[in-house]
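Heads up, entry-v5.tsv below (TSV, N, CA and C atoms):
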chain	number	residue	atom	x	y	z
A	1	MET	N	-56.13	220.79	269.18
A	1	MET	CA	-57.27	221.44	269.80
A	1	MET	C	-56.84	222.80	270.30
A	2	VAL	N	-57.63	223.78	270.03
A	2	VAL	CA	-57.38	225.11	270.56
A	2	VAL	C	-58.66	225.58	271.23
A	3	ALA	N	-58.62	225.65	272.55
A	3	ALA	CA	-59.80	226.06	273.29
A	3	ALA	C	-59.38	226.58	274.66
A	4	ARG	N	-60.19	227.46	275.19
A	4	ARG	CA	-59.95	227.93	276.56
A	4	ARG	C	-60.75	227.07	277.52
A	5	LYS	N	-60.14	226.79	278.65
A	5	LYS	CA	-60.83	226.04	279.69
A	5	LYS	C	-60.27	226.49	281.02
A	6	LYS	N	-61.16	226.78	281.96
A	6	LYS	CA	-60.74	227.26	283.27
A	6	LYS	C	-60.39	226.09	284.18
A	7	PHE	N	-59.50	226.36	285.15
A	7	PHE	CA	-59.15	225.39	286.16
A	7	PHE	C	-60.25	225.34	287.21
A	8	SER	N	-60.44	224.19	287.82
A	8	SER	CA	-61.42	224.05	288.91
A	8	SER	C	-60.87	224.73	290.16
A	9	ALA	N	-61.69	224.79	291.18
A	9	ALA	CA	-61.26	225.36	292.47
A	9	ALA	C	-60.12	224.53	293.07
A	10	HIS	N	-60.02	223.28	292.65
A	10	HIS	CA	-58.96	222.38	293.16
A	10	HIS	C	-57.68	222.48	292.33
A	11	GLY	N	-57.70	223.33	291.28
A	11	GLY	CA	-56.50	223.49	290.45
A	11	GLY	C	-56.33	222.45	289.38
A	12	THR	N	-57.42	221.76	289.01
A	12	THR	CA	-57.33	220.75	287.97
A	12	THR	C	-58.13	221.17	286.73
A	13	CYS	N	-57.81	220.54	285.63
A	13	CYS	CA	-58.49	220.81	284.37
A	13	CYS	C	-58.40	219.55	283.51
A	14	SER	N	-59.51	219.17	282.90
A	14	SER	CA	-59.54	218.00	282.03
A	14	SER	C	-59.93	218.42	280.62
A	15	LEU	N	-59.37	217.73	279.66
A	15	LEU	CA	-59.69	218.00	278.27
A	15	LEU	C	-60.10	216.70	277.59
A	16	ILE	N	-61.02	216.79	276.66
A	16	ILE	CA	-61.46	215.63	275.91
A	16	ILE	C	-60.88	215.71	274.50
A	17	VAL	N	-60.23	214.65	274.08
A	17	VAL	CA	-59.73	214.54	272.71
A	17	VAL	C	-60.65	213.56	272.00
A	18	GLU	N	-61.43	214.05	271.05
A	18	GLU	CA	-62.46	213.23	270.41
A	18	GLU	C	-61.90	212.21	269.43
A	19	ASN	N	-60.75	212.47	268.86
A	19	ASN	CA	-60.17	211.57	267.85
A	19	ASN	C	-59.37	210.47	268.56
A	20	GLU	N	-59.93	209.27	268.61
A	20	GLU	CA	-59.27	208.15	269.30
A	20	GLU	C	-57.93	207.78	268.67
A	21	ASP	N	-57.72	208.13	267.40
A	21	ASP	CA	-56.45	207.83	266.73
A	21	ASP	C	-55.29	208.61	267.32
A	22	LEU	N	-55.58	209.66	268.11
A	22	LEU	CA	-54.53	210.48	268.71
A	22	LEU	C	-54.03	209.93	270.04
A	23	GLU	N	-54.70	208.91	270.58
A	23	GLU	CA	-54.27	208.34	271.85
A	23	GLU	C	-52.84	207.82	271.72
A	24	GLY	N	-52.00	208.20	272.69
A	24	GLY	CA	-50.61	207.79	272.69
A	24	GLY	C	-49.69	208.76	271.95
A	25	LYS	N	-50.27	209.73	271.24
A	25	LYS	CA	-49.47	210.72	270.50
A	25	LYS	C	-49.01	211.84	271.43
A	26	THR	N	-47.96	212.50	271.05
A	26	THR	CA	-47.41	213.62	271.82
A	26	THR	C	-48.13	214.91	271.45
A	27	ALA	N	-48.37	215.74	272.47
A	27	ALA	CA	-49.00	217.06	272.27
A	27	ALA	C	-48.37	218.04	273.25
A	28	TRP	N	-48.66	219.31	273.07
A	28	TRP	CA	-48.17	220.34	274.00
A	28	TRP	C	-49.34	220.93	274.76
A	29	LEU	N	-49.23	220.95	276.08
A	29	LEU	CA	-50.19	221.61	276.95
A	29	LEU	C	-49.63	223.00	277.21
A	30	VAL	N	-50.41	224.03	276.89
A	30	VAL	CA	-49.96	225.42	277.04
A	30	VAL	C	-50.93	226.14	277.96
A	31	VAL	N	-50.41	226.81	278.99
A	31	VAL	CA	-51.22	227.56	279.94
A	31	VAL	C	-50.90	229.04	279.77
A	32	LEU	N	-51.95	229.82	279.50
A	32	LEU	CA	-51.83	231.27	279.31
A	32	LEU	C	-52.65	231.98	280.37
A	33	ASP	N	-52.24	233.20	280.72
A	33	ASP	CA	-53.08	234.00	281.62
A	33	ASP	C	-54.14	234.73	280.79
A	34	ALA	N	-54.96	235.54	281.44
A	34	ALA	CA	-56.08	236.22	280.77
A	34	ALA	C	-55.61	237.15	279.66
A	35	GLU	N	-54.38	237.61	279.72
A	35	GLU	CA	-53.84	238.50	278.70
A	35	GLU	C	-53.10	237.75	277.59
A	36	GLY	N	-53.04	236.44	277.71
A	36	GLY	CA	-52.36	235.65	276.69
A	36	GLY	C	-50.88	235.44	276.94
A	37	VAL	N	-50.40	235.78	278.13
A	37	VAL	CA	-48.99	235.60	278.48
A	37	VAL	C	-48.75	234.14	278.87
A	38	LEU	N	-47.71	233.56	278.33
A	38	LEU	CA	-47.37	232.17	278.61
A	38	LEU	C	-46.99	231.99	280.08
A	39	LEU	N	-47.69	231.09	280.76
A	39	LEU	CA	-47.38	230.78	282.15
A	39	LEU	C	-46.64	229.45	282.26
A	40	ALA	N	-47.00	228.49	281.40
A	40	ALA	CA	-46.37	227.17	281.45
A	40	ALA	C	-46.62	226.44	280.14
A	41	GLN	N	-45.74	225.53	279.83
A	41	GLN	CA	-45.95	224.62	278.70
A	41	GLN	C	-45.26	223.32	279.02
A	42	GLU	N	-45.90	222.23	278.61
A	42	GLU	CA	-45.34	220.92	278.91
A	42	GLU	C	-45.75	219.93	277.82
A	43	GLN	N	-44.83	219.10	277.44
A	43	GLN	CA	-45.13	218.06	276.49
A	43	GLN	C	-45.87	216.94	277.22
A	44	VAL	N	-46.98	216.49	276.66
A	44	VAL	CA	-47.81	215.45	277.28
A	44	VAL	C	-48.11	214.36	276.26
A	45	THR	N	-48.57	213.22	276.77
A	45	THR	CA	-49.02	212.14	275.89
A	45	THR	C	-50.52	212.03	276.03
A	46	ILE	N	-51.24	212.09	274.92
A	46	ILE	CA	-52.69	212.04	274.92
A	46	ILE	C	-53.15	210.68	275.43
A	47	GLY	N	-54.07	210.73	276.41
A	47	GLY	CA	-54.62	209.50	276.96
A	47	GLY	C	-53.88	208.97	278.16
A	48	VAL	N	-52.84	209.66	278.60
A	48	VAL	CA	-52.07	209.23	279.76
A	48	VAL	C	-52.42	210.14	280.93
A	49	ASP	N	-52.91	209.54	282.01
A	49	ASP	CA	-53.27	210.30	283.20
A	49	ASP	C	-52.07	210.40	284.12
A	50	ARG	N	-51.86	211.57	284.69
A	50	ARG	CA	-50.72	211.75	285.59
A	50	ARG	C	-51.18	211.89	287.00
As structure tokens, what does this structure read like?
Amino acid sequence: MVARKKFSAHGTCSLIVENEDLEGKTAWLVVLDAEGVLLAQEQVTIGVDR
């Protein structure tokens, strides 16, 4: 998935993965600033809440 999504006032952000077959798979969460500069990246597991 490639999409922009803003953080809430509480600093949280949720994403929906429509393909249920991806649950449990590894993905990369990438956070960019408005200019496209990398701020953070983290390996995550789809469907796992932290």
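Each of A:Val44, A:Ile16, A:Leu38, A:Leu22 was compared to Ala3 in chain A using only C-alpha atoms, and A:Ile16 turns out to be the nearest.
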In Å, rounded to a single decimal, give me how far CA of Val31 in chain A is from atom N of Leu15 in chain A.
-> 12.8 Å
Which of chain A DSSP labels strand (DSSP E or B), written as a count of residues only | 15
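Ranking A:Lys5, A:Ile46, A:Leu32, A:Gln41 by their shortest atom-to-atom distance to Glu18 in chain A, with only C-alpha atoms included, puts A:Ile46 first.
Closest approach to Gly24 in chain A among A:Phe7, A:Val48, A:Leu39, A:Thr12 is made by A:Val48 (distances from all atoms listed in the file).
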Residue neighbourhood Glu42 in chain A, 7 Å, only N, CA and C atoms, exclusion window fewer than 4 positions, as a PDB file with N, CA and C atoms, in the frame of the given file:
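Printed below is around_14.pdb as written:
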ATOM      1  N   ALA A  27     -48.370 215.740 272.470  1.00  0.00           N
ATOM      2  CA  ALA A  27     -49.000 217.060 272.270  1.00  0.00           C
ATOM      3  C   ALA A  27     -48.370 218.040 273.250  1.00  0.00           C
ATOM      4  N   TRP A  28     -48.660 219.310 273.070  1.00  0.00           N
ATOM      5  CA  TRP A  28     -48.170 220.340 274.000  1.00  0.00           C
ATOM      6  C   TRP A  28     -49.340 220.930 274.760  1.00  0.00           C
ATOM      7  N   LEU A  29     -49.230 220.950 276.080  1.00  0.00           N
ATOM      8  CA  LEU A  29     -50.190 221.610 276.950  1.00  0.00           C
ATOM      9  C   LEU A  29     -49.630 223.000 277.210  1.00  0.00           C
ATOM     10  N   VAL A  30     -50.410 224.030 276.890  1.00  0.00           N
ATOM     11  CA  VAL A  30     -49.960 225.420 277.040  1.00  0.00           C
ATOM     12  C   VAL A  30     -50.930 226.140 277.960  1.00  0.00           C
ATOM     13  N   VAL A  31     -50.410 226.810 278.990  1.00  0.00           N
ATOM     14  CA  VAL A  31     -51.220 227.560 279.940  1.00  0.00           C
ATOM     15  C   VAL A  31     -50.900 229.040 279.770  1.00  0.00           C
TER      16      VAL A  31
END
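In this model, the gap between CA of Asp21 in chain A and CA of Asp49 in chain A comes to 17.0 Å.
Counting from CA of Thr26 in chain A, the distance to atom C of Thr45 in chain A is 5.5 Å.
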